[in-house]
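One structure is given here, and the rest of the page talks about it.
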Amino acid sequence: MKFLLPVLASCCLLAPSFAAPPPPNIVIFLVDDMGIMDTSVPFLTDAAGKPERYPLNDFYRTPNMERLAARGIRFNNFCAMSVCSPTRASIMTGQNAARHRTTNWISPDSNNAGPHGPPQWNWKGLTKGDVTLPRLLQASGYRTIHVGKGHFGSRESEGAEPRNLGFVVNVAGAANGAPGSYYGRQNYGNPVNGKAGRIPGNAVPGLEKYHGTDTFLSEALTLEANARVGDAVKAGQPFFLYFAHYAVHRPFNSDPRFAAHYQGSGKPPEAQAFATLVEGMDKSLGDLLDHLDRLGVAENTLILFLGDNGSDAPLGDPHAIASAAPLRGMKGSHYEGGMRVPFIAAWAKAGASTAHQKRLPIPAGAIQRQLASVEDLFPTVLALTGAAIPQGHIVDGARLDMLLSGKPDANRRETFLMHYPHSPHRSDYWSSYRDGAWKVIYHYFPSKVSGDSHYQLFHLAQDPSESNNLATAEPAKLRQMMEALMAKLAEDAALFPVADDHLTPVKPQLP
Ligand code: CA
């Protein structure tokens, strides 16, 4: 994972130079804690591949996601790690969390491995020496812009500051994983009249000019993102915008601009507030698309829209705020509701016959059903921009070009590892591994959740809601999947939970 800067410099000299046409602009639009059902865009499909609408699709209002989906392709089998920081580090490095070892969300001030978690997991996160997507793009001539939530490293670590990771511009990014408040009148969690916010550590930095105003956090970030993109265009520089909204993560502050849309819904107040956060995020997407169009760069700007993990819910009442149903589980879970996220890829203005769109044609309104993950963005973006992956940097992801063009990719491994040697979340200390339609979950410490067994085995095509555990009925498949899971963990040099002595690794066992 570590990398020597002199090698980086020499590798980047090998990257092609950019004459005409200018390289494509890249936007990663990342929404925090947005699950696959938290939108009016239907992602899930029937067996024939036709999108299926559910009541939640009619509850949420995301017209700009609809607009983006109509211009491009959406994936219904796109996986993220089921908590924040692992996904973010995977986007930055192209690596699986087992390999980069940020396997849990980063608590800004402490090592939250969990009582039996590996104490040496990478809780300080990314460092100045790491190979990251923005660092490579910056070396290729891009203006690298970070707007929104960082959560790449703990408070005193290098990763707390996105500018240490290759971003030239950082607006509002720090160690915190949530905003103290979405309200400008509450200074986004910073002190108001000398009185600290409810969670002082979650105060959002860098937006002082909006303090004391009615500007909702998602709006302030959008204004800043658009201004920084405008600066890059004015300077004639290609840009990489990593726009990581704090929305739609807790706290569920109602956005007054949209509250009336949900008042008659009969849903609990927090569910209504959550829906306003979703709609405010969506307005941000629309504002960005309009701004790119006005700047004249939309046809050469690729938008990669995604969530970082499944949506959140209070313990005991999974439907009180959001739900991934018909998928099972939510944020933090070993079920698909935790790790299946919305993903849309589109040119900001589609259908233009630019060199970039000819090179990467994205069919309008298409749905891709093949398995892909957050690890794939790193190699995909680098290939598209001509930036080289430095020698010695291992990438777990694979390029998405073929899938983005709507075609099946027969040469692609359809596998996804999620390694979570931690608690405390809804299900503790587990690893899951997907291979095509099959999914195995290994519980290091069997519990009621797993029926006091180490193993759960599901066939997702026949049983998308993971309700029929086939671990006993399919012993040969279980063994094969466990062998593949253990091989991948070994390949990534994964860290394991520890026994009561807090030292001895507890490794998975074959059935
Ligand atoms: Ca998250």
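Ligands are numbered from 1 in the order shown, residues from 1 within each chain, and chains are lettered A, B, ... in the order they appear in the structure tokens.
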Nearby residues (only C-alpha atoms) at most 8 Å from Ala273 in chain A, same-chain spacing under 4 positions excluded, as a PDB file with C-alpha atoms, in the first residue's frame:
ATOM      1  CA  PHE A 252     -31.863  13.617  10.380  1.00  0.00           C
ATOM      2  CA  ASN A 253     -32.367  17.388  10.208  1.00  0.00           C
ATOM      3  CA  SER A 254     -35.395  18.288   8.134  1.00  0.00           C
ATOM      4  CA  ASP A 255     -34.563  20.477   5.149  1.00  0.00           C
ATOM      5  CA  ALA A 259     -40.501  19.350   4.215  1.00  0.00           C
ATOM      6  CA  PRO A 269     -40.915  12.629  11.445  1.00  0.00           C
ATOM      7  CA  LEU A 277     -32.123  15.136   2.935  1.00  0.00           C
TER       8      LEU A 277
END
Exercise answer, 8 Å around ligand 1 with only C-alpha atoms and all ligand atoms, as number ranges by chain: A: 31-34, 82-85, 177, 249, 307-311, 331
Take the residues from that selection and write them out as a compact mmCIF listing (two decimals), in the first residue's frame, keeping C-alpha atoms.
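Produced file out_11.txt, reproduced below:
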# COMPACT_ATOMS: atom_id res chain seq x y z
CA VAL A 31 -23.88 10.20 -1.09
CA ASP A 32 -23.42 9.15 2.51
CA ASP A 33 -25.61 6.31 3.79
CA MET A 34 -27.80 6.20 0.72
CA SER A 82 -21.28 -1.62 4.45
CA VAL A 83 -19.79 1.25 6.49
CA CYS A 84 -18.26 4.62 5.54
CA SER A 85 -14.47 4.74 5.77
CA GLY A 177 -18.00 11.10 9.65
CA HIS A 249 -26.23 10.63 7.05
CA GLY A 307 -23.88 5.66 -2.25
CA ASP A 308 -21.18 4.59 0.23
CA ASN A 309 -23.22 1.97 2.11
CA GLY A 310 -26.80 0.99 2.80
CA SER A 311 -29.12 3.38 4.56
CA LYS A 331 -25.92 -0.14 7.01
Spatial neighbours of range 445-459 of chain A, max dist 7 Å, only C-alpha atoms, sep filter under 4 positions, as a list in words: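 Residues meeting the cut-off are Tyr429, Ala437, Trp438, Lys439, Val440, Ile441, Asp463, Glu466, Asn468, Asn469, Leu470, Ala471 and Leu478 of chain A.
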With C-alpha atoms retained, export the selected residues as a compact mmCIF listing (two decimals), in the first residue's frame.
# COMPACT_ATOMS: atom_id res chain seq x y z
CA TYR A 429 -17.18 -10.11 13.22
CA ALA A 437 -25.23 -15.40 -7.64
CA TRP A 438 -23.76 -17.23 -4.66
CA LYS A 439 -22.90 -15.54 -1.38
CA VAL A 440 -21.32 -17.02 1.72
CA ILE A 441 -21.15 -15.29 5.10
CA ASP A 463 -33.43 -15.71 -3.06
CA GLU A 466 -31.41 -13.83 1.75
CA ASN A 468 -33.22 -19.25 2.78
CA ASN A 469 -29.90 -20.32 4.31
CA LEU A 470 -28.54 -23.16 2.14
CA ALA A 471 -25.45 -23.85 4.28
CA LEU A 478 -20.54 -24.07 0.97
In range 131-235 of chain A, DSSP helix (DSSP H, G or I) residues written as a PyMOL selection string: chain A and resi 133-139+158-160+162-165+184-189+200-202+208-210+217-234
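When CA of Asn122 in chain A is paired with CA of Asn104 in chain A, their separation reads 8.6 Å.
Residues of range 317-420 of chain A that DSSP, applied to the backbone, places in strand (DSSP E or B): Arg340, Phe343, Ile344, Ala345, Ala346, Trp347, Ala366, Ile367, Gln368, Ala372, Ser373, Thr415, Phe416, Leu417, Met418, His419 and Tyr420 of chain A.
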Write to file, as a compact mmCIF listing (two decimals), in the first residue's frame, the residues of the selection just made, with all heavy atoms.
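What follows is the written file selection-v3.txt:
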# COMPACT_ATOMS: atom_id res chain seq x y z
N ARG A 340 -25.31 -3.16 -0.96
CA ARG A 340 -25.76 -2.87 -2.33
C ARG A 340 -26.17 -1.41 -2.38
O ARG A 340 -27.07 -0.98 -1.64
CB ARG A 340 -26.92 -3.78 -2.71
CG ARG A 340 -27.13 -3.92 -4.22
CD ARG A 340 -26.45 -5.12 -4.80
NE ARG A 340 -27.03 -6.34 -4.29
CZ ARG A 340 -28.11 -6.93 -4.79
NH1 ARG A 340 -28.72 -6.38 -5.82
NH2 ARG A 340 -28.55 -8.05 -4.28
N PHE A 343 -25.76 3.08 -8.09
CA PHE A 343 -24.62 3.55 -8.91
C PHE A 343 -25.16 3.92 -10.28
O PHE A 343 -25.84 3.12 -10.92
CB PHE A 343 -23.56 2.45 -9.04
CG PHE A 343 -22.41 2.84 -9.95
CD1 PHE A 343 -21.41 3.68 -9.49
CD2 PHE A 343 -22.34 2.40 -11.26
CE1 PHE A 343 -20.35 4.07 -10.33
CE2 PHE A 343 -21.30 2.77 -12.11
CZ PHE A 343 -20.30 3.61 -11.64
N ILE A 344 -24.87 5.15 -10.71
CA ILE A 344 -25.23 5.62 -12.05
C ILE A 344 -23.99 6.24 -12.68
O ILE A 344 -23.29 7.03 -12.04
CB ILE A 344 -26.33 6.71 -12.00
CG1 ILE A 344 -27.55 6.24 -11.20
CG2 ILE A 344 -26.76 7.09 -13.42
CD1 ILE A 344 -28.59 7.35 -10.96
N ALA A 345 -23.74 5.89 -13.93
CA ALA A 345 -22.65 6.52 -14.68
C ALA A 345 -23.25 7.16 -15.92
O ALA A 345 -24.04 6.52 -16.63
CB ALA A 345 -21.60 5.50 -15.08
N ALA A 346 -22.89 8.42 -16.16
CA ALA A 346 -23.41 9.11 -17.35
C ALA A 346 -22.50 10.28 -17.69
O ALA A 346 -21.88 10.88 -16.80
CB ALA A 346 -24.82 9.63 -17.09
N TRP A 347 -22.43 10.61 -18.96
CA TRP A 347 -21.86 11.89 -19.35
C TRP A 347 -22.86 12.96 -18.96
O TRP A 347 -24.07 12.78 -19.14
CB TRP A 347 -21.59 11.90 -20.86
CG TRP A 347 -20.50 10.95 -21.25
CD1 TRP A 347 -20.66 9.70 -21.80
CD2 TRP A 347 -19.09 11.14 -21.06
NE1 TRP A 347 -19.44 9.10 -21.98
CE2 TRP A 347 -18.44 9.97 -21.54
CE3 TRP A 347 -18.30 12.17 -20.55
CZ2 TRP A 347 -17.06 9.81 -21.52
CZ3 TRP A 347 -16.91 12.01 -20.53
CH2 TRP A 347 -16.31 10.85 -21.01
N ALA A 366 -29.96 2.70 -19.67
CA ALA A 366 -29.66 1.27 -19.60
C ALA A 366 -29.51 0.82 -18.14
O ALA A 366 -29.30 1.62 -17.23
CB ALA A 366 -28.38 0.97 -20.36
N ILE A 367 -29.65 -0.49 -17.97
CA ILE A 367 -29.42 -1.10 -16.65
C ILE A 367 -28.38 -2.20 -16.80
O ILE A 367 -28.49 -3.04 -17.69
CB ILE A 367 -30.71 -1.70 -16.07
CG1 ILE A 367 -31.78 -0.61 -15.90
CG2 ILE A 367 -30.44 -2.39 -14.73
CD1 ILE A 367 -33.07 -1.10 -15.30
N GLN A 368 -27.37 -2.14 -15.98
CA GLN A 368 -26.32 -3.16 -15.97
C GLN A 368 -26.53 -4.05 -14.76
O GLN A 368 -26.65 -3.56 -13.64
CB GLN A 368 -24.95 -2.48 -15.92
CG GLN A 368 -23.74 -3.38 -15.82
CD GLN A 368 -23.64 -4.38 -16.95
OE1 GLN A 368 -24.01 -5.55 -16.81
NE2 GLN A 368 -23.17 -3.92 -18.11
N ALA A 372 -20.40 -5.36 -9.77
CA ALA A 372 -19.27 -4.42 -9.78
C ALA A 372 -19.17 -3.83 -8.38
O ALA A 372 -20.05 -4.04 -7.54
CB ALA A 372 -19.49 -3.32 -10.81
N SER A 373 -18.09 -3.08 -8.12
CA SER A 373 -17.94 -2.55 -6.76
C SER A 373 -17.15 -1.26 -6.75
O SER A 373 -16.56 -0.85 -7.75
CB SER A 373 -17.25 -3.58 -5.85
OG SER A 373 -15.85 -3.45 -5.95
N THR A 415 -16.83 -11.30 -8.34
CA THR A 415 -16.64 -11.61 -6.93
C THR A 415 -16.57 -10.32 -6.11
O THR A 415 -16.19 -9.27 -6.63
CB THR A 415 -15.32 -12.41 -6.72
OG1 THR A 415 -14.23 -11.62 -7.20
CG2 THR A 415 -15.36 -13.73 -7.47
N PHE A 416 -16.93 -10.42 -4.86
CA PHE A 416 -16.83 -9.26 -3.96
C PHE A 416 -16.65 -9.75 -2.52
O PHE A 416 -17.47 -10.50 -1.99
CB PHE A 416 -18.09 -8.40 -4.06
CG PHE A 416 -18.05 -7.21 -3.13
CD1 PHE A 416 -17.17 -6.16 -3.35
CD2 PHE A 416 -18.88 -7.15 -2.01
CE1 PHE A 416 -17.11 -5.07 -2.48
CE2 PHE A 416 -18.84 -6.06 -1.14
CZ PHE A 416 -17.95 -5.02 -1.38
N LEU A 417 -15.56 -9.29 -1.93
CA LEU A 417 -15.27 -9.60 -0.53
C LEU A 417 -15.63 -8.42 0.35
O LEU A 417 -15.27 -7.28 0.04
CB LEU A 417 -13.77 -9.89 -0.36
CG LEU A 417 -13.29 -9.98 1.10
CD1 LEU A 417 -13.78 -11.26 1.76
CD2 LEU A 417 -11.76 -9.88 1.17
N MET A 418 -16.36 -8.69 1.42
CA MET A 418 -16.53 -7.67 2.48
C MET A 418 -16.02 -8.31 3.76
O MET A 418 -16.54 -9.34 4.19
CB MET A 418 -18.01 -7.28 2.59
CG MET A 418 -18.37 -6.55 3.86
SD MET A 418 -18.15 -4.74 3.80
CE MET A 418 -18.09 -4.38 5.56
N HIS A 419 -15.01 -7.68 4.33
CA HIS A 419 -14.35 -8.23 5.52
C HIS A 419 -14.57 -7.26 6.68
O HIS A 419 -14.15 -6.10 6.60
CB HIS A 419 -12.86 -8.40 5.22
CG HIS A 419 -12.09 -8.97 6.38
ND1 HIS A 419 -12.45 -10.15 7.01
CD2 HIS A 419 -10.96 -8.53 6.99
CE1 HIS A 419 -11.57 -10.39 7.99
NE2 HIS A 419 -10.66 -9.43 8.00
N TYR A 420 -15.24 -7.73 7.71
CA TYR A 420 -15.60 -6.85 8.84
C TYR A 420 -15.25 -7.55 10.16
O TYR A 420 -16.12 -8.13 10.82
CB TYR A 420 -17.09 -6.50 8.76
CG TYR A 420 -17.49 -5.41 9.73
CD1 TYR A 420 -17.11 -4.09 9.51
CD2 TYR A 420 -18.23 -5.69 10.88
CE1 TYR A 420 -17.46 -3.08 10.40
CE2 TYR A 420 -18.58 -4.69 11.78
CZ TYR A 420 -18.19 -3.39 11.53
OH TYR A 420 -18.53 -2.41 12.41
Exercise: Val374 in chain A partners within 8 Å, only C-alpha atoms, chain neighbours under 2 positions left out, as a PyMOL selection string: chain A and resi 78-80+87+90-91+94+372+376-377+397
Next, write the just-selected residues to a file, as a CSV table (one decimal), in the first residue's frame, keeping C-alpha atoms as the atom set.
chain,number,residue,atom,x,y,z
A,78,PHE,CA,-23.0,-2.5,-7.3
A,79,CYS,CA,-21.4,-3.2,-4.0
A,80,ALA,CA,-19.8,-1.0,-1.4
A,87,THR,CA,-15.7,2.4,1.1
A,90,SER,CA,-11.4,1.7,-1.5
A,91,ILE,CA,-12.5,4.5,-3.9
A,94,GLY,CA,-8.8,0.6,-5.8
A,372,ALA,CA,-19.3,-4.4,-9.8
A,376,ASP,CA,-13.5,-0.6,-9.7
A,377,LEU,CA,-13.7,3.2,-9.9
A,397,GLY,CA,-10.9,-3.6,-8.7
For CA of Lys209 in chain A and CA of Arg88 in chain A, the interatomic separation in Å (one decimal): 27.6 Å
From A:Pro162, A:Gly194, A:Gly184, A:Gly436, residue lying nearest His211 in chain A [only C-alpha atoms]: A:Gly184
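In this model, the gap between CA of Tyr433 in chain A and CA of Phe496 in chain A comes to 15.4 Å.
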For Asn112 in chain A, the nearest of the candidates A:Arg61, A:Ala324, A:Ser154, A:Arg399, counting only C-alpha atoms: A:Ser154
Residue neighbourhood Gly125 in chain A, 12 Å, only C-alpha atoms, exclusion window fewer than 3 positions, as a ChimeraX atom specification: /A:1,84-90,92-93,97,100-108,111,120-122,128-130,150-162,164-165,175
Take the residues from that selection and write them out as a tab-separated table (two decimals), in the first residue's frame, keeping C-alpha atoms.
chain	number	residue	atom	x	y	z
A	1	MET	CA	0.00	0.00	0.00
A	84	CYS	CA	-18.26	4.62	5.54
A	85	SER	CA	-14.47	4.74	5.77
A	86	PRO	CA	-13.72	1.35	4.16
A	87	THR	CA	-15.67	2.35	1.06
A	88	ARG	CA	-13.97	5.74	0.89
A	89	ALA	CA	-10.49	4.24	1.20
A	90	SER	CA	-11.40	1.71	-1.51
A	92	MET	CA	-9.20	6.26	-3.23
A	93	THR	CA	-6.96	3.19	-3.65
A	97	ALA	CA	-10.73	-3.11	2.70
A	100	HIS	CA	-5.93	-1.46	2.87
A	101	ARG	CA	-7.01	-2.52	6.37
A	102	THR	CA	-9.39	0.35	7.07
A	103	THR	CA	-12.02	-2.29	7.75
A	104	ASN	CA	-14.30	-0.25	10.01
A	105	TRP	CA	-15.62	3.29	10.06
A	106	ILE	CA	-13.06	5.60	11.61
A	107	SER	CA	-13.92	7.08	14.95
A	108	PRO	CA	-12.03	10.40	14.80
A	111	ASN	CA	-9.46	2.93	17.96
A	120	GLN	CA	-3.70	-3.08	14.63
A	121	TRP	CA	-6.35	-2.43	11.97
A	122	ASN	CA	-5.73	0.75	9.96
A	128	LYS	CA	0.58	11.13	2.67
A	129	GLY	CA	2.58	8.21	1.30
A	130	ASP	CA	-0.36	6.25	-0.06
A	150	GLY	CA	-13.66	13.27	4.21
A	151	HIS	CA	-13.55	10.58	6.91
A	152	PHE	CA	-10.29	9.21	5.49
A	153	GLY	CA	-8.34	9.33	8.74
A	154	SER	CA	-8.61	9.94	12.47
A	155	ARG	CA	-8.31	13.46	13.83
A	156	GLU	CA	-4.57	13.73	14.43
A	157	SER	CA	-3.62	11.64	11.42
A	158	GLU	CA	-2.54	12.78	7.95
A	159	GLY	CA	-5.72	11.44	6.38
A	160	ALA	CA	-7.84	13.93	8.33
A	161	GLU	CA	-6.84	16.56	5.77
A	162	PRO	CA	-7.77	15.64	2.18
A	164	ASN	CA	-2.54	15.37	2.25
A	165	LEU	CA	-4.03	12.78	-0.09
A	175	ALA	CA	-11.94	13.47	10.16
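If only C-alpha atoms are the atoms counted, then among A:Asp46, A:Asp58, A:Asp312, A:Asp214 the closest residue to Tyr262 in chain A is A:Asp58.
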Residues within 9 Å of Pro238 in chain A, only C-alpha atoms, excluding chain neighbours under 6 positions, as a ChimeraX atom specification: /A:22-26,141-144,232
Give me a file of those residues, with C-alpha atoms, as a CSV table (one decimal), in the first residue's frame.
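And here's again23.csv as it stands now:
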chain,number,residue,atom,x,y,z
A,22,PRO,CA,-8.6,17.9,-23.4
A,23,PRO,CA,-8.9,15.0,-21.0
A,24,PRO,CA,-12.4,14.3,-19.6
A,25,ASN,CA,-13.5,15.9,-16.4
A,26,ILE,CA,-14.4,13.4,-13.7
A,141,GLY,CA,-2.5,17.7,-14.7
A,142,TYR,CA,-5.9,17.6,-13.1
A,143,ARG,CA,-7.2,20.1,-10.6
A,144,THR,CA,-8.3,17.8,-7.8
A,232,ALA,CA,-10.9,25.1,-12.9
Nearby residues (only C-alpha atoms) at most 8 Å from Val498 in chain A, same-chain spacing under 4 positions excluded, as a list in words: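 So, after excluding close chain neighbours, the residues are His116, Gly117, Pro118, His502, Leu503, Thr504, Pro505 and Val506 of chain A.
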Go ahead and dump the residues you just picked, C-alpha atoms, as a PDB file, in the first residue's frame.
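File selection.pdb, as written:
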ATOM      1  CA  HIS A 116     -12.430  -8.663  19.674  1.00  0.00           C
ATOM      2  CA  GLY A 117     -11.382  -6.623  16.661  1.00  0.00           C
ATOM      3  CA  PRO A 118      -7.767  -6.616  15.427  1.00  0.00           C
ATOM      4  CA  HIS A 502      -6.807  -9.953  22.606  1.00  0.00           C
ATOM      5  CA  LEU A 503      -3.824 -11.366  20.759  1.00  0.00           C
ATOM      6  CA  THR A 504      -4.529 -14.698  19.062  1.00  0.00           C
ATOM      7  CA  PRO A 505      -6.143 -14.306  15.636  1.00  0.00           C
ATOM      8  CA  VAL A 506      -9.431 -16.142  15.157  1.00  0.00           C
TER       9      VAL A 506
END
Nearest residue to Gly266 in chain A from the set A:Pro508, A:Phe59, A:Asn176, A:Glu279 (distances using only C-alpha atoms):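 With only C-alpha atoms as the atom set, the closest residue is A:Phe59.
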Compile a residue-level contact table for range 223-264 of chain A against range 284-302 of chain A at a cut-off of 12 Å, reporting for every qualifying residue the shortest atom pair and its distance in Å to one decimal, with only C-alpha atoms counted, rows ordered by chain and ascending number, as a Markdown table.
| residue | atom | partner | partner_atom | distance |
| --- | --- | --- | --- | --- |
| A:Leu223 | CA | A:Ser284 | CA | 8.8 |
| A:Glu224 | CA | A:Leu288 | CA | 10.5 |
| A:Ala225 | CA | A:Leu288 | CA | 8.0 |
| A:Asn226 | CA | A:Leu288 | CA | 6.4 |
| A:Ala227 | CA | A:His291 | CA | 9.4 |
| A:Arg228 | CA | A:His291 | CA | 11.3 |
| A:Val229 | CA | A:Leu292 | CA | 8.3 |
| A:Gly230 | CA | A:Leu295 | CA | 7.2 |
| A:Asp231 | CA | A:Leu295 | CA | 10.5 |
| A:Ala232 | CA | A:Leu295 | CA | 10.5 |
| A:Val233 | CA | A:Leu295 | CA | 7.4 |
| A:Lys234 | CA | A:Leu295 | CA | 9.0 |
| A:Gly236 | CA | A:Val297 | CA | 10.8 |
| A:Gln237 | CA | A:Val297 | CA | 11.3 |
| A:Pro238 | CA | A:Thr301 | CA | 9.3 |
| A:Phe239 | CA | A:Thr301 | CA | 9.0 |
| A:Phe240 | CA | A:Thr301 | CA | 9.4 |
| A:Leu241 | CA | A:Thr301 | CA | 10.2 |
| A:Tyr242 | CA | A:Leu302 | CA | 11.9 |
| A:Phe243 | CA | A:Leu285 | CA | 9.8 |
| A:Ala244 | CA | A:Ser284 | CA | 11.3 |
| A:His245 | CA | A:Ser284 | CA | 9.3 |
| A:Tyr246 | CA | A:Ser284 | CA | 12.0 |
| A:Ala247 | CA | A:Ser284 | CA | 10.6 |
